[in-house]
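Working notes, structure below.
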Amino acid sequence: MDSPPPRRRALFGYEPPPSASDGGPLSVTELAQRARRFLEGEFASVAVKGEITDVSRSQRGHIYFTLKDANSQIPAVLWEGAARSLDFQLQNGLEVVARGNLTLYAPRGRFQFICQKITPAGEGLLEAKFRALTAEYEAKGWFDESLKKPLPFLPRVIGIVTSPTGAAIHDILETLLRRHPRASVLLAPAKVQGVGASEDIARAIRLLDGRDDVEVLIVGRGGGSLEDLWAFNEPAVVEAIRRARTPVISAVGHEVDVTLADRVADVRALTPTRAGEVVVPELEALIDGVRILRDRLDREVTGLLRNASLTLDALGRSWALREPRRMVQRASERVKELRAALTRSLEGTHRRLEERLRRLDRIPSGRLLLARLVRARQEVAGLRREMDGAMRRNLEGARADLERLGPLLESLSPLAVLQRGYSITRTKDDGRILRSSNEAAPGDEIVTLLADGEIVSRVEES
Amino acid sequence: MAKKVDLSFEEKLKKLEDIVESLENGELALEKAVDRYQKGVRLHAELQADLDRMEKRVRMLTEEGREVEFEGAADEDDDQ
Amino acid sequence: MAKKVDLSFEEKLKKLEDIVESLENGELALEKAVDRYQKGVRLHAELQADLDRMEKRVRMLTEEGREVEFEGAADEDDDQ
Amino acid sequence: MAKKVDLSFEEKLKKLEDIVESLENGELALEKAVDRYQKGVRLHAELQADLDRMEKRVRMLTEEGREVEFEGAADEDDDQ
Amino acid sequence: MAKKVDLSFEEKLKKLEDIVESLENGELALEKAVDRYQKGVRLHAELQADLDRMEKRVRMLTEEGREVEFEGAADEDDDQ
Amino acid sequence: MAKKVDLSFEEKLKKLEDIVESLENGELALEKAVDRYQKGVRLHAELQADLDRMEKRVRMLTEEGREVEFEGAADEDDDQ
Amino acid sequence: MAKKVDLSFEEKLKKLEDIVESLENGELALEKAVDRYQKGVRLHAELQADLDRMEKRVRMLTEEGREVEFEGAADEDDDQ
């Protein structure tokens with residue numbers, strides 16, 4: 001806020017306060033009374049210009065507030081009586097000219113400005129009315145953000161309420177159609193200035209709002225003075241905007257101009273040109289966007305299907321599914337091997353046993369045993385031969401002995417002489433050899449040995 | 001207000017974007033993805049149709065409530 | 001063959017993958033392997049059919065969309 | 001011959017292998033060996049029958065699988 | 001001859017081998033040797049008969065096995 | 001003559017050998033020698049008879065064995 | 001005369017030899033010599049008879065054995 005440099009002198013003065021009596025120290029009360037008297041005497045009736053702040057209303061209806069400028073502030077009060085006759089609302093930030101007197105409120109040691117009369121500073125009736133209306137609609141909550149309707153993304157028909165001949169319609173259309181060459185616009189012409197303008201604007205708003213095809217409204221005009229723009233502060237317009245079902249874009253004046261229409265509208269465009277920008281998306285970008293979305297869509301679904309197809313193909317190509325016989329074949333080969341091994345192994349066992357048995361085939365031939373029998377037989381026969389021989393030799397030895405002794409005996413026979421005619425006579429009873437005739441008596445039997453035998457005789461005489 | 005039983009262009013666009021995004025996330029089951037795709041195609045067609053259906057018209061309501069071509073902006077069109 | 005209608009493509013695919021993996025591991029008993037194989041072949045056929053159906057559907061939808069596009073946005077066609 | 005219906009192919013195969021091994025060890029008494037051999041021959045016949053049955057089944061399934069494949073992915077056929 | 005039904009082939013074979021060995025050692029009394037020989041002959045005959053019987057059995061089993069094989073895997077037959 | 005049935009072939013042979021030896025020694029009284037001889041002759045006869053008996057038995061068994069052999073292992077016969 | 005029946009052949013032979021020796025000495029009285037001689041002749045005759053008897057017996061026994069031999073081992077005879 002570009003307020004002028006503070007005029008301190010005007011507010012406080014630089015005159016030093018009257019000095020206390022030169023005697024002893026004053027009591028606080030004494031000092032306060034003396035200060036009050038001084039203030040009330042010095043500032044019995046002054047006008048002060050400042051900004052209102054810290055407004056509060058007591059139960060009795062007094063209004064307490066603070067007057068301030070950039071550097072200083074003074075507490076002030078407007079008694080209930082004066083407050084009742086106020087034709088505008090005291091609200092914070094309001095620049096006012098207050099007329100009244102200054103006093104000291106001893107219990108607090110604070111001085112206070114007692115307002116007798118207060119008027120808005122430097123503004124006319126319109127400003128005050130604007131403030132009053134602003135306050136009123138604010139109190140009603142019509143400006144609340146929560147009430148703001150969103151703008152349609154792509155309105156079928158854009159309703160415009162403005163003067164068909166003003167700069168605004170030109171600016172709006174230019175921007176709008178540049179962005180969206182196929183936009184559909186319905187202009188409801190209205191007086192935007194002067195007597196009956198607000199009603200005209202309100203009527204046009206209601207007219208467009210009543211149509212099904214209009215999806216957004218632009219209400220506005222070009223810049224101007226407060227008076228020029230005043231129709232947009234009128235309750236008729238504010239209420240028409242507020243009550244419209246269709247979202248409303250306000251585009252009134254220039255950036256610095258704020259009307260109630262701006263505040264109540266769903267979207268405030270700083271200028272009519274801006275309104276042309278916010279009301280529609282760029283058609284080309286839109287088409288591109290839609291096409292890109294479609295492309296992405298196609299690409300994605302194609303990709304998904306291709307991936308699925310590839311996965312499925314890969315699975316289909318896996319040997320597990322493609323050559324299932326392999327799993328059976330492996331088993332089949334194993335079974336065949338086992339079959340061969342089975343036969344082989346048993347044949348092996350059989351052959352081994354057969355060989356073992358064949359080695360034992362000597363048994364049935366009995367050769368061994370027969371040979372042994374032959375040997376035994378030979379042995380037996382040999383023994384027999386030996387035995388026979390030995391026996392024969394025994395007998396032969398005996399015979400040889402006998403045959404040797406026979407002739408020997410014979411040769412030694414004392415009877416050999418008998419061959420030559422000698423004989424030997426012996427007694428028969430005792431065999432005694434008779435050497436003398438008297439050895440035998442008649443009657444004795446005698447045996448005469450001759451060469452070839454014996455003769456037995458009886459002795460006749462001797 | 002029941003006039004927009006069919007979704008607005010913006011809603012359809014948003015839906016299409018959601019569909020594309022969900023497809024791009026790659027977390028959808030294939031059948032669901034195809035369903036979505038179908039929905040997407042339909043939405044795309046509608047959006048396309050919506051855009052196609054649009055036609056530049058600048059009109060003005062007369063005091064009698066008639067619609068007349070608004071000449072005031074006709075010349076602006078040529079510049080574009 | 002249509003017994004598991006409620007299984008999604010992905011679930012079936014997962015099943016098929018599991019089957020193929022188990023078959024390739026070669027650790028299954030032969031009879032079980034043959035059973036699995038049968039299941040696998042059936043699943044593969046089902047999946048193929050599913051995929052074909054979906055592909056056909058997508059193809060039709062793709063055509064559909066493009067036609068609409070041709071109709072309405074003939075000039076856009078060159079960029080594509 | 002169908003007495004051990006509940007044995008799996010592998011179990012039978014294992015049995016047959018054990019039989020062959022025990023026969024190859026040559027430590028079995030001949031009579032036992034012949035009994036084993038008989039058992040082995042029976043097992044072998046069973047295994048063969050099992051294999052044939054499974055092979056037939058697999059062949060049928062393979063045909064089935066191929067048909068489905070050809071049907072659905074006729075254009076893929078050239079790569080294969 | 002069927003007195004020692006409970007002896008296995010191998011046991012009989014062992015016995016026979018012992019007999020042969022003892023006969024070959026020549027340390028047996030002749031009569032004992034003849035007795036042994038008789039025993040040996042009988043054992044040999046039994047063994048031979050056992051072996052023949054078993055061979056016949058194995059041959060039958062083998063035939064049986066082959067038939068099964070021929071039946072089920074007719075195309076495999078060339079490799080055999 | 002049947003008094004020493006319990007003597008084995010070998011014992012009898014030994015006796016015979018003893019007899020032969022004692023006869024060859026020539027130390028026996030002749031009559032004793034003759035007695036021994038007689039004994040020897042008897043032993044010889046017995047041994048002879050034993051041998052005959054055993055041989056006959058072996059030969060019979062051999063025939064028997066051959067027959068069994070011919071029956072069961074006819075082809076083995078050539079090696080013998 | 002039969003008093004010395006219990007004398008063995010050898011004893012008798014000894015006696016005969018003694019007789020011969022005593023006769024050779026020539027110192028014997030005739031009677032004694034004749035007696036001896038006579039005794040010698042008798043002994044000789046006895047011995048002769050004994051020997052004949054024994055020889056006959058042996059011959060008989062030998063024959064006996066041979067016959068047995070011929071009977072039982074007729075074929076073995078050729079090898080001998």
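Labeling convention for the structure tokens: chains A, B, ... as they appear, residues from 1 per chain, ligands from 1 in order of appearance.
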
Residues of chain C no more than 8 Å from chain D, counting only C-alpha atoms: send them over as a PyMOL selection string. chain C and resi 29-31+34+37-38+41-42+44-45+48-49+52

Serialized selection, all heavy atoms, as an mmCIF file, in the first residue's frame:
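Below you can see out-v5.cif, which holds the result:
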data_model
loop_
_atom_site.group_PDB
_atom_site.id
_atom_site.type_symbol
_atom_site.label_atom_id
_atom_site.label_comp_id
_atom_site.auth_asym_id
_atom_site.auth_seq_id
_atom_site.Cartn_x
_atom_site.Cartn_y
_atom_site.Cartn_z
ATOM 1 N N ALA C 29 7.155 -89.472 -12.339
ATOM 2 C CA ALA C 29 6.903 -90.859 -12.708
ATOM 3 C C ALA C 29 6.254 -90.847 -14.087
ATOM 4 O O ALA C 29 5.567 -89.896 -14.459
ATOM 5 C CB ALA C 29 5.973 -91.501 -11.701
ATOM 6 N N LEU C 30 6.516 -91.920 -14.852
ATOM 7 C CA LEU C 30 6.106 -91.909 -16.256
ATOM 8 C C LEU C 30 4.604 -91.705 -16.405
ATOM 9 O O LEU C 30 4.154 -90.883 -17.217
ATOM 10 C CB LEU C 30 6.535 -93.216 -16.916
ATOM 11 C CG LEU C 30 6.405 -93.239 -18.430
ATOM 12 C CD1 LEU C 30 7.226 -92.133 -19.038
ATOM 13 C CD2 LEU C 30 6.878 -94.571 -18.965
ATOM 14 N N GLU C 31 3.845 -92.441 -15.615
ATOM 15 C CA GLU C 31 2.390 -92.305 -15.744
ATOM 16 C C GLU C 31 1.941 -90.887 -15.410
ATOM 17 O O GLU C 31 1.106 -90.309 -16.085
ATOM 18 C CB GLU C 31 1.679 -93.289 -14.801
ATOM 19 C CG GLU C 31 1.514 -94.649 -15.416
ATOM 20 C CD GLU C 31 2.074 -95.722 -14.526
ATOM 21 O OE1 GLU C 31 2.667 -95.374 -13.492
ATOM 22 O OE2 GLU C 31 1.947 -96.911 -14.881
ATOM 23 N N VAL C 34 2.757 -88.681 -18.211
ATOM 24 C CA VAL C 34 1.809 -88.769 -19.320
ATOM 25 C C VAL C 34 0.521 -88.026 -18.968
ATOM 26 O O VAL C 34 -0.033 -87.287 -19.785
ATOM 27 C CB VAL C 34 1.526 -90.238 -19.692
ATOM 28 C CG1 VAL C 34 0.405 -90.325 -20.705
ATOM 29 C CG2 VAL C 34 2.776 -90.887 -20.253
ATOM 30 N N TYR C 37 1.262 -84.517 -19.264
ATOM 31 C CA TYR C 37 1.357 -84.183 -20.677
ATOM 32 C C TYR C 37 -0.033 -83.952 -21.253
ATOM 33 O O TYR C 37 -0.279 -82.973 -21.950
ATOM 34 C CB TYR C 37 2.084 -85.296 -21.422
ATOM 35 C CG TYR C 37 2.044 -85.095 -22.907
ATOM 36 C CD1 TYR C 37 2.802 -84.089 -23.496
ATOM 37 C CD2 TYR C 37 1.212 -85.855 -23.709
ATOM 38 C CE1 TYR C 37 2.749 -83.868 -24.844
ATOM 39 C CE2 TYR C 37 1.157 -85.646 -25.064
ATOM 40 C CZ TYR C 37 1.924 -84.648 -25.631
ATOM 41 O OH TYR C 37 1.850 -84.427 -26.974
ATOM 42 N N GLN C 38 -0.929 -84.880 -20.907
ATOM 43 C CA GLN C 38 -2.299 -84.760 -21.410
ATOM 44 C C GLN C 38 -2.892 -83.426 -20.978
ATOM 45 O O GLN C 38 -3.451 -82.675 -21.778
ATOM 46 C CB GLN C 38 -3.123 -85.910 -20.838
ATOM 47 C CG GLN C 38 -4.612 -85.776 -21.147
ATOM 48 C CD GLN C 38 -5.348 -87.070 -20.904
ATOM 49 O OE1 GLN C 38 -4.910 -87.906 -20.128
ATOM 50 N NE2 GLN C 38 -6.442 -87.262 -21.595
ATOM 51 N N VAL C 41 -1.274 -80.689 -22.936
ATOM 52 C CA VAL C 41 -1.764 -80.569 -24.317
ATOM 53 C C VAL C 41 -3.134 -79.894 -24.329
ATOM 54 O O VAL C 41 -3.406 -79.005 -25.127
ATOM 55 C CB VAL C 41 -1.821 -81.962 -24.985
ATOM 56 C CG1 VAL C 41 -2.634 -81.903 -26.257
ATOM 57 C CG2 VAL C 41 -0.429 -82.462 -25.274
ATOM 58 N N ARG C 42 -3.957 -80.323 -23.385
ATOM 59 C CA ARG C 42 -5.300 -79.733 -23.301
ATOM 60 C C ARG C 42 -5.219 -78.254 -22.985
ATOM 61 O O ARG C 42 -5.882 -77.426 -23.599
ATOM 62 C CB ARG C 42 -6.109 -80.434 -22.190
ATOM 63 C CG ARG C 42 -6.294 -81.906 -22.414
ATOM 64 C CD ARG C 42 -7.673 -82.218 -22.985
ATOM 65 N NE ARG C 42 -7.631 -83.410 -23.813
ATOM 66 C CZ ARG C 42 -7.853 -84.661 -23.381
ATOM 67 N NH1 ARG C 42 -8.213 -84.868 -22.153
ATOM 68 N NH2 ARG C 42 -7.762 -85.675 -24.205
ATOM 69 N N HIS C 44 -2.725 -76.291 -23.449
ATOM 70 C CA HIS C 44 -2.143 -75.575 -24.574
ATOM 71 C C HIS C 44 -3.210 -75.301 -25.615
ATOM 72 O O HIS C 44 -3.306 -74.187 -26.162
ATOM 73 C CB HIS C 44 -1.003 -76.395 -25.168
ATOM 74 C CG HIS C 44 -0.270 -75.666 -26.244
ATOM 75 N ND1 HIS C 44 -0.575 -75.810 -27.570
ATOM 76 C CD2 HIS C 44 0.734 -74.763 -26.183
ATOM 77 C CE1 HIS C 44 0.217 -75.031 -28.282
ATOM 78 N NE2 HIS C 44 1.029 -74.393 -27.465
ATOM 79 N N ALA C 45 -4.031 -76.302 -25.859
ATOM 80 C CA ALA C 45 -5.099 -76.135 -26.851
ATOM 81 C C ALA C 45 -6.085 -75.067 -26.390
ATOM 82 O O ALA C 45 -6.491 -74.186 -27.165
ATOM 83 C CB ALA C 45 -5.815 -77.461 -27.064
ATOM 84 N N GLN C 48 -4.451 -71.749 -26.645
ATOM 85 C CA GLN C 48 -4.372 -71.348 -28.041
ATOM 86 C C GLN C 48 -5.741 -70.825 -28.486
ATOM 87 O O GLN C 48 -5.833 -69.778 -29.121
ATOM 88 C CB GLN C 48 -3.939 -72.569 -28.866
ATOM 89 C CG GLN C 48 -3.465 -72.223 -30.265
ATOM 90 C CD GLN C 48 -2.126 -71.494 -30.245
ATOM 91 O OE1 GLN C 48 -1.191 -71.953 -29.633
ATOM 92 N NE2 GLN C 48 -2.049 -70.351 -30.896
ATOM 93 N N ALA C 49 -6.765 -71.582 -28.126
ATOM 94 C CA ALA C 49 -8.120 -71.177 -28.514
ATOM 95 C C ALA C 49 -8.468 -69.829 -27.884
ATOM 96 O O ALA C 49 -8.999 -68.929 -28.556
ATOM 97 C CB ALA C 49 -9.118 -72.246 -28.086
ATOM 98 N N ASP C 52 -6.556 -67.187 -29.654
ATOM 99 C CA ASP C 52 -7.109 -66.957 -30.982
ATOM 100 C C ASP C 52 -8.380 -66.110 -30.892
ATOM 101 O O ASP C 52 -8.563 -65.174 -31.649
ATOM 102 C CB ASP C 52 -7.432 -68.287 -31.664
ATOM 103 C CG ASP C 52 -6.168 -69.069 -31.960
ATOM 104 O OD1 ASP C 52 -5.082 -68.449 -31.920
ATOM 105 O OD2 ASP C 52 -6.266 -70.274 -32.209
#

So that I can check the surroundings of range 217-229 of chain A, please list as an mmCIF file with N, CA and C atoms, in the first residue's frame every protein, DNA and RNA residue that reaches within 7 Å of it, counting only C-alpha atoms and ignoring chain neighbours fewer than 2 positions away.
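File produced: out_13.cif:
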data_model
loop_
_atom_site.group_PDB
_atom_site.id
_atom_site.type_symbol
_atom_site.label_atom_id
_atom_site.label_comp_id
_atom_site.auth_asym_id
_atom_site.auth_seq_id
_atom_site.Cartn_x
_atom_site.Cartn_y
_atom_site.Cartn_z
ATOM 1 N N ILE A 158 -20.477 -22.897 -26.484
ATOM 2 C CA ILE A 158 -19.999 -21.909 -25.524
ATOM 3 C C ILE A 158 -20.912 -20.695 -25.602
ATOM 4 N N GLY A 159 -21.546 -20.427 -24.463
ATOM 5 C CA GLY A 159 -22.408 -19.238 -24.451
ATOM 6 C C GLY A 159 -21.601 -18.026 -24.045
ATOM 7 N N ILE A 160 -21.806 -16.930 -24.754
ATOM 8 C CA ILE A 160 -21.075 -15.708 -24.392
ATOM 9 C C ILE A 160 -22.101 -14.599 -24.151
ATOM 10 N N VAL A 161 -21.948 -13.964 -23.034
ATOM 11 C CA VAL A 161 -22.809 -12.810 -22.741
ATOM 12 C C VAL A 161 -21.912 -11.581 -22.750
ATOM 13 N N THR A 162 -22.107 -10.780 -23.736
ATOM 14 C CA THR A 162 -21.342 -9.527 -23.805
ATOM 15 C C THR A 162 -21.958 -8.673 -24.923
ATOM 16 N N ALA A 167 -15.005 -4.849 -27.683
ATOM 17 C CA ALA A 167 -13.687 -5.473 -27.922
ATOM 18 C C ALA A 167 -13.666 -6.878 -27.354
ATOM 19 N N ALA A 168 -14.463 -7.079 -26.314
ATOM 20 C CA ALA A 168 -14.409 -8.360 -25.599
ATOM 21 C C ALA A 168 -14.768 -9.520 -26.518
ATOM 22 N N VAL A 192 -23.709 -3.845 -21.637
ATOM 23 C CA VAL A 192 -22.790 -4.098 -20.538
ATOM 24 C C VAL A 192 -22.495 -2.837 -19.744
ATOM 25 N N GLN A 193 -23.210 -1.811 -20.032
ATOM 26 C CA GLN A 193 -22.894 -0.538 -19.384
ATOM 27 C C GLN A 193 -24.144 0.333 -19.448
ATOM 28 N N GLU A 215 -22.795 -25.292 -22.610
ATOM 29 C CA GLU A 215 -22.166 -25.986 -21.499
ATOM 30 C C GLU A 215 -21.276 -25.088 -20.665
ATOM 31 N N ALA A 231 -22.213 -2.471 -13.757
ATOM 32 C CA ALA A 231 -23.277 -3.458 -13.971
ATOM 33 C C ALA A 231 -22.865 -4.839 -13.471
ATOM 34 N N PHE A 232 -21.571 -5.118 -13.499
ATOM 35 C CA PHE A 232 -21.091 -6.442 -13.072
ATOM 36 C C PHE A 232 -20.975 -6.571 -11.559
ATOM 37 N N THR A 246 -24.993 -23.629 -15.412
ATOM 38 C CA THR A 246 -23.851 -23.738 -16.303
ATOM 39 C C THR A 246 -22.661 -23.030 -15.674
ATOM 40 N N PRO A 247 -21.515 -23.619 -15.760
ATOM 41 C CA PRO A 247 -20.330 -22.929 -15.239
ATOM 42 C C PRO A 247 -20.124 -21.601 -15.972
ATOM 43 N N VAL A 248 -19.738 -20.621 -15.197
ATOM 44 C CA VAL A 248 -19.601 -19.282 -15.769
ATOM 45 C C VAL A 248 -18.152 -18.822 -15.625
ATOM 46 N N ILE A 249 -17.630 -18.300 -16.727
ATOM 47 C CA ILE A 249 -16.323 -17.665 -16.690
ATOM 48 C C ILE A 249 -16.564 -16.163 -16.773
ATOM 49 N N SER A 250 -16.007 -15.464 -15.813
ATOM 50 C CA SER A 250 -16.156 -14.006 -15.895
ATOM 51 C C SER A 250 -14.926 -13.444 -16.572
ATOM 52 N N ALA A 251 -15.147 -12.451 -17.389
ATOM 53 C CA ALA A 251 -14.031 -11.817 -18.094
ATOM 54 C C ALA A 251 -14.350 -10.339 -18.194
ATOM 55 N N VAL A 252 -14.142 -9.681 -17.053
ATOM 56 C CA VAL A 252 -14.570 -8.280 -16.976
ATOM 57 C C VAL A 252 -13.338 -7.397 -16.823
ATOM 58 N N GLY A 253 -13.196 -6.451 -17.730
ATOM 59 C CA GLY A 253 -12.143 -5.455 -17.606
ATOM 60 C C GLY A 253 -10.764 -6.054 -17.747
ATOM 61 N N HIS A 254 -9.838 -5.469 -16.980
ATOM 62 C CA HIS A 254 -8.455 -5.911 -17.018
ATOM 63 C C HIS A 254 -8.094 -6.560 -15.714
ATOM 64 N N PRO A 272 -10.754 -10.920 -21.346
ATOM 65 C CA PRO A 272 -11.568 -11.694 -22.312
ATOM 66 C C PRO A 272 -10.696 -12.641 -23.131
#

At a cut-off of 9 Å, list the chain A residues touching chain B, using only C-alpha atoms, as a PyMOL selection string. chain A and resi 152-157+164-165+169-170+173-174+177-178+180-189+207+212+245+283+286-287+290-291+293-294+296-298+300-301+304-305+308

DSSP helix (DSSP H, G or I) residues within range 234-322 of chain A, listed as an NGL selection string: :A and (235-243 or 260-264 or 272-279 or 283-317 or 319-322)
